[in-house]
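Reading through the structure tokens given below for one structure.
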Amino acid sequence: MSKDLHPTMDPTKMGIGRSIAVLTSGGDAQGMNAAVRATVRVGLYTGAKVYFVHEGYQGLVDGGENIRPATWESVSMMLQLGGTVIGSARCKDFRSREGRMKAACNLVKLGITNLCVIGGDGSLTGANEFRTEWSSLLVDLVRAGNITEEEAKKSSHLNIVGMVGSIDNDFCGTDMTIGTDSALHRIIEVVDAITTTAQSHQRTFILEVMGRHCGYLALVTALACGADWVFIPEMPPDEGWEDHLCRRLTDQRARGSRLNVIIVAEGAISRDGKPITSDQIKKLVTDRLGFDTRTTVLGHVQRGGTPSAFDRILGSRMGVEAVMALLEATPDTPACVVSLSGNQAVRLPLMECVQVTKDVTAAMSQGKFEEAIKLRGKSFENNWNTYKLLAHINPPDVKSNINVAIMNIGAPCAGMNAAVRSAVRMGIIQGHNILAVHDGFDGLAHGQVEPITWTSVTGWTGKGGSMLGTKRTLPGKMLEEISQNIARFNIHALVIIGGFEAYVGGLELVQAREKYEEMCIPMVVIPATVSNNVPGSDFSIGADTALNTITSTCDRIKQSAAGTKRRVFIVETMGGYCGYLATMAGLAAGADAAYIFEEKFNIRDLETNVEHLLQKMKTTVKRGLILRNENCNSNYTTDLIFNLYSEEGKGIFDCRKNVLGHMQQGGTPTPFDRNFGTKMGAKSVLWLTEKLKECYRHGRIFANTPDSACVLGMRKRALTFQPLAELKADTDFEHRIPKSQWWLKIRPIMKILAKYDIKLDTSEHADMEHIINKRGSHRK
């Protein structure tokens, strides 16, 4: 954001004398409201005037009551609502110059020269066109006598910033568009429900998902549920796919699978450009194989429902960035879109993104399908390749004679099983024998090791908890037994999936290499814990599921206060000493404060928070939400904070407290955790295979270099392997957290959105980038 650009500029005065209008256009998407709310509140925070434009571009053209001033309170309680509260409409009038002149006239009369547009590529292209012809529109308006020379001079330039709201994730240059994650939540809920009924009856299910020109939803769904086949517009099936499909379904049944799942994007096509419909596939399967086949078309369900935690955070962060981009823009800066790359906010030239998006469609219509997948970005390509490898068994004829052991360590979390499944299958594809270790290091010490096969992990992606069994015990006291069993079972490589204990346990094994030669094998640690506290990774498997659980619980809690009014809830979250869950849930649920260990607080801070709530009760928003991380302070306990707030709020508000507890570790994994786990599992085994080749000497494996034992982590924009030993310097072992944590930088956003008077100079500044050089992705 704006630390470097205006070292002397006070962010709370940046917008004085400026006006910003926000509109949503095109198809609605969950999370648009979060973006609107953030734009309004940050706009007001900078001292600018903010206006809602109701009903999209139609409202801009019609003016009058459609363009209304926005207040702080007017965006309260909209964070958890799906769709868009300010309305959206497809607008023919804005396509004509006459319509755009009316729109320009309405903006000039109100002195609005900053426009924030939330919509798809069509809406954003329209906004750019509007900006390009702005000066000539003003000339015509002055000539027609609709505005004065003076008014035209005051509004001589229009700034535009776009945010992409589209469930299809079809906009190039952005990792994730607002609404995509929520749409995946809706789809996966349906897939899980259908799986249970299909297994009861041995059925084949064909599921049609949205995506006219983009197969992202279909592809990620297929990856997340282990579908037998996926049809996407970017990569039509080869000639003779009908035989291939029937062969695959028959194979699966022969292996004892009771169900088949086929995912179809609504825009699926064959090599010659003809549509492939779900009915066509149903007819094929029924006629040729006689399988009991059912079709489900999801339709608008995917657009509906409450936004996921990710979409709320994405919308909120983009809204903040959009306001900063508008207020920092000059007549020379190109119109930009704000977007997220990995976990960093970025700004990209709008028309570059639109161009690449159009190039994909062009490549598809010319039959250049490989190129279309490449243009979609690195991650789309990775998803496609991972899906192809894991979907159907194709083990090599030559076995490698390598034994890879897989284990879970620490507390269970959602997504662990997805990582195990993909590691097992990727290992089998590489020709290795895979061993499952039950109950963590305990199991390894006691010989609870057995072979695990392709079919034994079927259906694991959607299962919560840990199917292998997991324990918190560290290996330090059992090194003798562990080394004996590594020798006994002839283990050549180790995949350790778990939280902080997995990292510490891995370190203990590495340190034991000096004494025990058996420990000299390649190892990889995959971070999986709700706390997100493993050094070497910005995200861990399981944190997204826990975050959604906390967020939806907070929604219900806030709703219960809507009737009683004047109520403050104090909610305790998990996380050990790591404040990630409390902070992110605070941003996603619209909390007034989140107390965490990493940001020290004292009695004066508590006093400020109470005072802030007392002021809030005087407005129309008569409820408060306070989150507290379980270990944020040993003296300021949840009970103490509850008692303090109750005493200080007497007569003004009353308090209630909730300790969320172990529900945060349970539940079925979210689409993100399934996908993330799948990719991490697959990548870890590919890396081990390479490492084993490097370490093979004189007929045996010997690995004792630091880089033969790594953490596989998500860093900014890529999955990277970092030696366990190197990460020690960045670890606070006493409190089990990394010393540097990226998400602390977005804490100020939560405070500003809760109306605290703080300075927004702690966030990183996002410079304008170019789409060509950034094609990695975390979320895709």
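Simple scheme: letters A, B, ... for chains in structure tokens order, numbers from 1 for residues in each chain, numbers from 1 for ligands in the order shown.
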
Each segment 446-545 of chain A residue no farther than 6 Å from segment 413-416 of chain A, nearest pair in Å, only C-alpha atoms, as JSON lines:
{"residue": "A:Gly464", "atom": "CA", "partner": "A:Ala414", "partner_atom": "CA", "distance": 4.5}
{"residue": "A:Gly465", "atom": "CA", "partner": "A:Cys413", "partner_atom": "CA", "distance": 5.1}
{"residue": "A:Thr529", "atom": "CA", "partner": "A:Cys413", "partner_atom": "CA", "distance": 5.8}
{"residue": "A:Ile541", "atom": "CA", "partner": "A:Gly415", "partner_atom": "CA", "distance": 5.9}
{"residue": "A:Gly542", "atom": "CA", "partner": "A:Ala414", "partner_atom": "CA", "distance": 4.8}

Could those selected residues go to a file with N, CA and C atoms, as an mmCIF file, in the first residue's frame?
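Ended up saving to selection-v2.cif:
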data_model
loop_
_atom_site.group_PDB
_atom_site.id
_atom_site.type_symbol
_atom_site.label_atom_id
_atom_site.label_comp_id
_atom_site.auth_asym_id
_atom_site.auth_seq_id
_atom_site.Cartn_x
_atom_site.Cartn_y
_atom_site.Cartn_z
ATOM 1 N N GLY A 464 -12.253 -35.692 6.804
ATOM 2 C CA GLY A 464 -11.573 -34.867 7.806
ATOM 3 C C GLY A 464 -10.701 -35.725 8.711
ATOM 4 N N GLY A 465 -9.967 -35.076 9.621
ATOM 5 C CA GLY A 465 -9.139 -35.809 10.582
ATOM 6 C C GLY A 465 -7.975 -36.516 9.929
ATOM 7 N N THR A 529 -1.647 -28.111 9.941
ATOM 8 C CA THR A 529 -2.127 -27.778 11.289
ATOM 9 C C THR A 529 -3.073 -26.589 11.201
ATOM 10 N N ILE A 541 -1.841 -26.812 5.610
ATOM 11 C CA ILE A 541 -3.077 -27.545 5.332
ATOM 12 C C ILE A 541 -3.925 -27.537 6.606
ATOM 13 N N GLY A 542 -5.219 -27.311 6.481
ATOM 14 C CA GLY A 542 -6.103 -27.363 7.653
ATOM 15 C C GLY A 542 -6.499 -26.006 8.192
#

* Running DSSP on the backbone, which parts of segment 369-599 of chain A land in strand (DSSP E or B), as a ChimeraX atom specification? -> /A:403-409,433-437,449-451,470-471,493-498,523-528,541,567-573,593-595

* Can you tell me, as a PyMOL selection string, what residues are no more than 10 Å from segment 482-491 of chain A when counting only C-alpha atoms, ignoring any on the same chain fewer than 4 positions away? -> chain A and resi 402-405+433-435+441-450+475-478+509+512-513+516-521

For segment 375-494 of chain A versus segment 229-240 of chain A, which residues have an atom no more than 10 Å away, and what is each residue's nearest atom pair and distance in Å rounded to one decimal, using only C-alpha atoms, chain-then-number order, as a tab-separated table?
residue	atom	partner	partner_atom	distance
A:Arg376	CA	A:Glu234	CA	9.0
A:Trp384	CA	A:Met235	CA	9.2
A:Tyr387	CA	A:Val230	CA	9.2
A:Lys388	CA	A:Trp229	CA	9.2
A:Ala391	CA	A:Trp229	CA	7.5
A:His392	CA	A:Trp229	CA	9.0

Could those selected residues go to a file with all heavy atoms, as a PDB file, in the first residue's frame?
ATOM      1  N   ARG A 376      -3.605 -19.533 -19.538  1.00  0.00           N
ATOM      2  CA  ARG A 376      -4.384 -19.460 -18.295  1.00  0.00           C
ATOM      3  C   ARG A 376      -3.469 -19.260 -17.094  1.00  0.00           C
ATOM      4  O   ARG A 376      -3.910 -18.873 -16.030  1.00  0.00           O
ATOM      5  CB  ARG A 376      -5.180 -20.741 -18.086  1.00  0.00           C
ATOM      6  CG  ARG A 376      -6.472 -20.770 -18.847  1.00  0.00           C
ATOM      7  CD  ARG A 376      -7.641 -20.300 -18.001  1.00  0.00           C
ATOM      8  NE  ARG A 376      -8.856 -20.334 -18.787  1.00  0.00           N
ATOM      9  CZ  ARG A 376      -9.520 -19.265 -19.189  1.00  0.00           C
ATOM     10  NH1 ARG A 376      -9.088 -18.065 -18.877  1.00  0.00           N
ATOM     11  NH2 ARG A 376     -10.621 -19.369 -19.882  1.00  0.00           N
ATOM     12  N   TRP A 384      -3.855 -29.092 -14.071  1.00  0.00           N
ATOM     13  CA  TRP A 384      -4.206 -30.017 -15.145  1.00  0.00           C
ATOM     14  C   TRP A 384      -3.270 -31.227 -15.123  1.00  0.00           C
ATOM     15  O   TRP A 384      -3.716 -32.373 -15.179  1.00  0.00           O
ATOM     16  CB  TRP A 384      -4.138 -29.286 -16.491  1.00  0.00           C
ATOM     17  CG  TRP A 384      -4.388 -30.164 -17.680  1.00  0.00           C
ATOM     18  CD1 TRP A 384      -3.503 -30.485 -18.657  1.00  0.00           C
ATOM     19  CD2 TRP A 384      -5.607 -30.839 -18.017  1.00  0.00           C
ATOM     20  NE1 TRP A 384      -4.099 -31.321 -19.578  1.00  0.00           N
ATOM     21  CE2 TRP A 384      -5.381 -31.553 -19.218  1.00  0.00           C
ATOM     22  CE3 TRP A 384      -6.857 -30.910 -17.412  1.00  0.00           C
ATOM     23  CZ2 TRP A 384      -6.364 -32.327 -19.835  1.00  0.00           C
ATOM     24  CZ3 TRP A 384      -7.845 -31.689 -18.024  1.00  0.00           C
ATOM     25  CH2 TRP A 384      -7.596 -32.383 -19.211  1.00  0.00           C
ATOM     26  N   TYR A 387      -3.884 -33.394 -12.009  1.00  0.00           N
ATOM     27  CA  TYR A 387      -5.134 -34.151 -12.180  1.00  0.00           C
ATOM     28  C   TYR A 387      -4.891 -35.381 -13.074  1.00  0.00           C
ATOM     29  O   TYR A 387      -5.291 -36.492 -12.756  1.00  0.00           O
ATOM     30  CB  TYR A 387      -6.243 -33.280 -12.784  1.00  0.00           C
ATOM     31  CG  TYR A 387      -7.396 -34.143 -13.239  1.00  0.00           C
ATOM     32  CD1 TYR A 387      -8.256 -34.715 -12.298  1.00  0.00           C
ATOM     33  CD2 TYR A 387      -7.570 -34.473 -14.575  1.00  0.00           C
ATOM     34  CE1 TYR A 387      -9.248 -35.581 -12.681  1.00  0.00           C
ATOM     35  CE2 TYR A 387      -8.565 -35.338 -14.976  1.00  0.00           C
ATOM     36  CZ  TYR A 387      -9.409 -35.892 -14.021  1.00  0.00           C
ATOM     37  OH  TYR A 387     -10.378 -36.770 -14.406  1.00  0.00           O
ATOM     38  N   LYS A 388      -4.204 -35.148 -14.190  1.00  0.00           N
ATOM     39  CA  LYS A 388      -3.980 -36.242 -15.147  1.00  0.00           C
ATOM     40  C   LYS A 388      -3.196 -37.386 -14.504  1.00  0.00           C
ATOM     41  O   LYS A 388      -3.480 -38.556 -14.745  1.00  0.00           O
ATOM     42  CB  LYS A 388      -3.213 -35.723 -16.378  1.00  0.00           C
ATOM     43  CG  LYS A 388      -4.121 -35.021 -17.373  1.00  0.00           C
ATOM     44  CD  LYS A 388      -3.444 -34.830 -18.720  1.00  0.00           C
ATOM     45  CE  LYS A 388      -2.162 -34.046 -18.602  1.00  0.00           C
ATOM     46  NZ  LYS A 388      -1.643 -33.596 -19.908  1.00  0.00           N
ATOM     47  N   ALA A 391      -5.583 -39.071 -11.453  1.00  0.00           N
ATOM     48  CA  ALA A 391      -6.959 -39.518 -11.670  1.00  0.00           C
ATOM     49  C   ALA A 391      -7.032 -41.005 -11.971  1.00  0.00           C
ATOM     50  O   ALA A 391      -7.963 -41.674 -11.578  1.00  0.00           O
ATOM     51  CB  ALA A 391      -7.585 -38.728 -12.799  1.00  0.00           C
ATOM     52  N   HIS A 392      -6.054 -41.527 -12.703  1.00  0.00           N
ATOM     53  CA  HIS A 392      -6.186 -42.932 -13.102  1.00  0.00           C
ATOM     54  C   HIS A 392      -4.863 -43.643 -12.999  1.00  0.00           C
ATOM     55  O   HIS A 392      -3.826 -43.118 -13.367  1.00  0.00           O
ATOM     56  CB  HIS A 392      -6.737 -43.038 -14.513  1.00  0.00           C
ATOM     57  CG  HIS A 392      -6.561 -41.793 -15.287  1.00  0.00           C
ATOM     58  ND1 HIS A 392      -5.576 -41.616 -16.211  1.00  0.00           N
ATOM     59  CD2 HIS A 392      -7.241 -40.610 -15.218  1.00  0.00           C
ATOM     60  CE1 HIS A 392      -5.657 -40.400 -16.700  1.00  0.00           C
ATOM     61  NE2 HIS A 392      -6.647 -39.761 -16.121  1.00  0.00           N
TER      62      HIS A 392
END

Per residue of segment 613-716 of chain A within 10 Å of segment 56-77 of chain A, what are the shortest atom pair and its distance in Å to one decimal, counting only C-alpha atoms, with rows by chain and residue number, as CSV?
residue,atom,partner,partner_atom,distance
A:Lys616,CA,A:Glu73,CA,10.0
A:Thr619,CA,A:Glu73,CA,7.7
A:Thr620,CA,A:Glu73,CA,6.9
A:Val621,CA,A:Glu73,CA,6.7

* **Selection near Ile281 of chain A, 10 Å with only C-alpha atoms, sequence-local residues under 3 positions removed, as a PyMOL selection string** => chain A and resi 206+242+245+262+264+276-278+284-287+293+295

* Asked: Hey, what's within 7 Å of segment 189-201 of chain A if we count only C-alpha atoms and toss same-chain stuff fewer than 3 positions away? As a VMD selection string, please?
  -> chain A and resid 185 to 186 204 258 to 259

Create the file for the chosen residues now, containing C-alpha atoms and written as a PDB file, in the first residue's frame.
ATOM      1  CA  HIS A 185     -17.529 -24.494  -1.513  1.00  0.00           C
ATOM      2  CA  ARG A 186     -21.034 -24.840  -2.979  1.00  0.00           C
ATOM      3  CA  THR A 204     -22.371 -43.062 -12.033  1.00  0.00           C
ATOM      4  CA  ARG A 258     -18.867 -48.346  -6.044  1.00  0.00           C
ATOM      5  CA  LEU A 259     -19.218 -44.995  -7.738  1.00  0.00           C
TER       6      LEU A 259
END

* To do: Using only C-alpha atoms, determine which residues lie at most 10 Å from Arg747 of chain A, disregarding the query and same-chain residues fewer than 2 positions distant; provide the list as a PyMOL selection string.
  => chain A and resi 580+583-584+586-587+593-594+599+743-745+749-752+760+762-763

Just the selected residues (all heavy atoms), exported as a short mmCIF file (atom, residue, chain, number, x, y, z; two decimals), in the first residue's frame, please.
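Produced file out20.cif, reproduced below:
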data_model
loop_
_atom_site.label_atom_id
_atom_site.label_comp_id
_atom_site.auth_asym_id
_atom_site.auth_seq_id
_atom_site.Cartn_x
_atom_site.Cartn_y
_atom_site.Cartn_z
N TYR A 580 -2.73 -16.32 13.89
CA TYR A 580 -3.25 -16.34 12.51
C TYR A 580 -4.77 -16.51 12.47
O TYR A 580 -5.47 -15.73 11.84
CB TYR A 580 -2.58 -17.46 11.72
CG TYR A 580 -3.10 -17.63 10.31
CD1 TYR A 580 -2.67 -16.80 9.29
CD2 TYR A 580 -4.04 -18.61 10.01
CE1 TYR A 580 -3.15 -16.94 7.99
CE2 TYR A 580 -4.53 -18.76 8.72
CZ TYR A 580 -4.08 -17.92 7.71
OH TYR A 580 -4.57 -18.07 6.44
N THR A 583 -6.68 -13.45 13.91
CA THR A 583 -6.58 -12.27 13.05
C THR A 583 -7.41 -12.43 11.78
O THR A 583 -8.21 -11.55 11.42
CB THR A 583 -5.10 -12.03 12.65
OG1 THR A 583 -4.36 -11.79 13.84
CG2 THR A 583 -4.96 -10.84 11.72
N MET A 584 -7.24 -13.56 11.09
CA MET A 584 -7.94 -13.77 9.83
C MET A 584 -9.45 -13.91 10.04
O MET A 584 -10.24 -13.42 9.25
CB MET A 584 -7.39 -14.99 9.09
CG MET A 584 -5.99 -14.76 8.58
SD MET A 584 -5.84 -13.21 7.68
CE MET A 584 -4.66 -13.60 6.48
N GLY A 586 -10.99 -12.52 12.44
CA GLY A 586 -11.42 -11.15 12.78
C GLY A 586 -11.72 -10.35 11.53
O GLY A 586 -12.71 -9.61 11.45
N LEU A 587 -10.87 -10.52 10.51
CA LEU A 587 -11.06 -9.81 9.25
C LEU A 587 -12.28 -10.36 8.51
O LEU A 587 -13.07 -9.61 7.94
CB LEU A 587 -9.79 -9.98 8.39
CG LEU A 587 -9.59 -9.07 7.20
CD1 LEU A 587 -9.72 -7.60 7.59
CD2 LEU A 587 -8.22 -9.30 6.56
N ALA A 593 -12.01 -6.32 17.58
CA ALA A 593 -10.63 -6.47 18.03
C ALA A 593 -10.28 -7.94 18.02
O ALA A 593 -11.16 -8.80 18.13
CB ALA A 593 -10.46 -5.90 19.43
N ALA A 594 -8.98 -8.24 17.88
CA ALA A 594 -8.51 -9.62 17.98
C ALA A 594 -7.23 -9.58 18.80
O ALA A 594 -6.25 -8.98 18.39
CB ALA A 594 -8.24 -10.20 16.59
N GLU A 599 1.18 -9.52 19.15
CA GLU A 599 1.03 -8.07 19.30
C GLU A 599 0.68 -7.81 20.76
O GLU A 599 -0.45 -7.99 21.19
CB GLU A 599 -0.10 -7.58 18.37
CG GLU A 599 -0.04 -6.09 18.09
CD GLU A 599 -1.06 -5.69 17.02
OE1 GLU A 599 -0.76 -5.81 15.83
OE2 GLU A 599 -2.16 -5.26 17.41
N TRP A 743 1.26 -12.39 7.79
CA TRP A 743 -0.10 -11.90 7.99
C TRP A 743 -0.18 -10.76 9.01
O TRP A 743 -1.21 -10.07 9.09
CB TRP A 743 -1.03 -13.05 8.39
CG TRP A 743 -0.51 -13.87 9.51
CD1 TRP A 743 0.22 -15.02 9.42
CD2 TRP A 743 -0.62 -13.59 10.91
NE1 TRP A 743 0.57 -15.48 10.65
CE2 TRP A 743 0.06 -14.63 11.59
CE3 TRP A 743 -1.23 -12.58 11.65
CZ2 TRP A 743 0.15 -14.67 12.98
CZ3 TRP A 743 -1.15 -12.63 13.03
CH2 TRP A 743 -0.47 -13.66 13.69
N LEU A 744 0.90 -10.55 9.80
CA LEU A 744 0.87 -9.43 10.76
C LEU A 744 0.70 -8.10 10.02
O LEU A 744 0.15 -7.15 10.57
CB LEU A 744 2.15 -9.41 11.60
CG LEU A 744 2.22 -10.50 12.68
CD1 LEU A 744 3.62 -10.62 13.23
CD2 LEU A 744 1.23 -10.21 13.81
N LYS A 745 1.16 -8.07 8.75
CA LYS A 745 1.06 -6.83 7.97
C LYS A 745 -0.38 -6.45 7.64
O LYS A 745 -0.65 -5.30 7.30
CB LYS A 745 1.82 -6.98 6.66
CG LYS A 745 3.33 -6.97 6.83
CD LYS A 745 4.00 -7.07 5.48
CE LYS A 745 5.51 -7.10 5.63
NZ LYS A 745 6.13 -7.76 4.50
N ILE A 749 -5.53 -3.48 8.64
CA ILE A 749 -6.76 -3.42 7.83
C ILE A 749 -7.97 -3.74 8.70
O ILE A 749 -8.99 -3.07 8.64
CB ILE A 749 -6.68 -4.40 6.64
CG1 ILE A 749 -5.55 -4.00 5.70
CG2 ILE A 749 -8.00 -4.46 5.90
CD1 ILE A 749 -5.34 -4.95 4.54
N MET A 750 -7.82 -4.78 9.54
CA MET A 750 -8.94 -5.17 10.41
C MET A 750 -9.32 -4.00 11.32
O MET A 750 -10.50 -3.72 11.54
CB MET A 750 -8.54 -6.38 11.24
CG MET A 750 -9.67 -6.88 12.12
SD MET A 750 -9.13 -8.15 13.24
CE MET A 750 -8.32 -7.19 14.49
N LYS A 751 -8.31 -3.29 11.84
CA LYS A 751 -8.60 -2.19 12.77
C LYS A 751 -9.26 -1.02 12.07
O LYS A 751 -10.17 -0.39 12.62
CB LYS A 751 -7.30 -1.76 13.46
CG LYS A 751 -6.73 -2.86 14.35
CD LYS A 751 -5.43 -2.44 15.00
CE LYS A 751 -4.84 -3.62 15.76
NZ LYS A 751 -3.50 -3.34 16.23
N ILE A 752 -8.80 -0.73 10.85
CA ILE A 752 -9.40 0.39 10.11
C ILE A 752 -10.85 0.07 9.78
O ILE A 752 -11.74 0.90 9.90
CB ILE A 752 -8.59 0.68 8.83
CG1 ILE A 752 -7.28 1.37 9.23
CG2 ILE A 752 -9.37 1.56 7.86
CD1 ILE A 752 -6.29 1.45 8.12
N LEU A 760 -2.19 3.71 8.58
CA LEU A 760 -2.04 2.56 7.70
C LEU A 760 -0.68 2.60 7.02
O LEU A 760 -0.58 2.64 5.82
CB LEU A 760 -3.16 2.57 6.64
CG LEU A 760 -3.21 1.36 5.70
CD1 LEU A 760 -3.75 0.16 6.44
CD2 LEU A 760 -4.06 1.64 4.50
N THR A 762 1.80 0.42 7.87
CA THR A 762 2.52 -0.81 8.14
C THR A 762 2.37 -1.82 7.02
O THR A 762 2.98 -2.87 7.05
CB THR A 762 2.00 -1.43 9.44
OG1 THR A 762 0.59 -1.36 9.38
CG2 THR A 762 2.53 -0.73 10.63
N SER A 763 1.54 -1.52 6.04
CA SER A 763 1.33 -2.51 4.98
C SER A 763 2.29 -2.27 3.84
O SER A 763 2.69 -1.15 3.58
CB SER A 763 -0.10 -2.39 4.47
OG SER A 763 -0.97 -2.63 5.52
#

* To do: Could you jot down the atom CA of Arg247 of chain A to atom CA of Ala372 of chain A separation for me, Å, one decimal place?
  =>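 Atom CA of Arg247 of chain A sits 27.9 Å away from atom CA of Ala372 of chain A.
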
* Have a look at A:Leu350, A:Met324, A:Leu158, A:Ile167 and name the one nearest to Pro11 of chain A; count only C-alpha atoms. =>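 Between A:Leu350, A:Met324, A:Leu158, A:Ile167, the residue approaching Pro11 of chain A most closely is A:Met324.
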
* Give the answer as one residue: which of A:Val53, A:Ala322, A:Met714, A:Ala493 has the shortest atom-to-atom distance to Trp742 of chain A, using only C-alpha atoms? =>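 Nearest candidate to Trp742 of chain A out of A:Val53, A:Ala322, A:Met714, A:Ala493: A:Met714.
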
* Work out how far atom CA of Leu23 of chain A is from atom CA of Ile86 of chain A, in Å to one decimal. =>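 Computing it gives 7.5 Å between the two atoms.
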
* **Surrounding residues of segment 637-639 of chain A excluding itself and chain neighbours under 2 positions, 12 Å, only C-alpha atoms, as JSON, numbers by chain** => {"A": [569, 570, 571, 572, 573, 594, 595, 596, 597, 626, 627, 628, 629, 630, 631, 632, 633, 634, 635, 641, 642, 643, 644, 645, 646, 655, 656, 657, 658, 659, 660]}
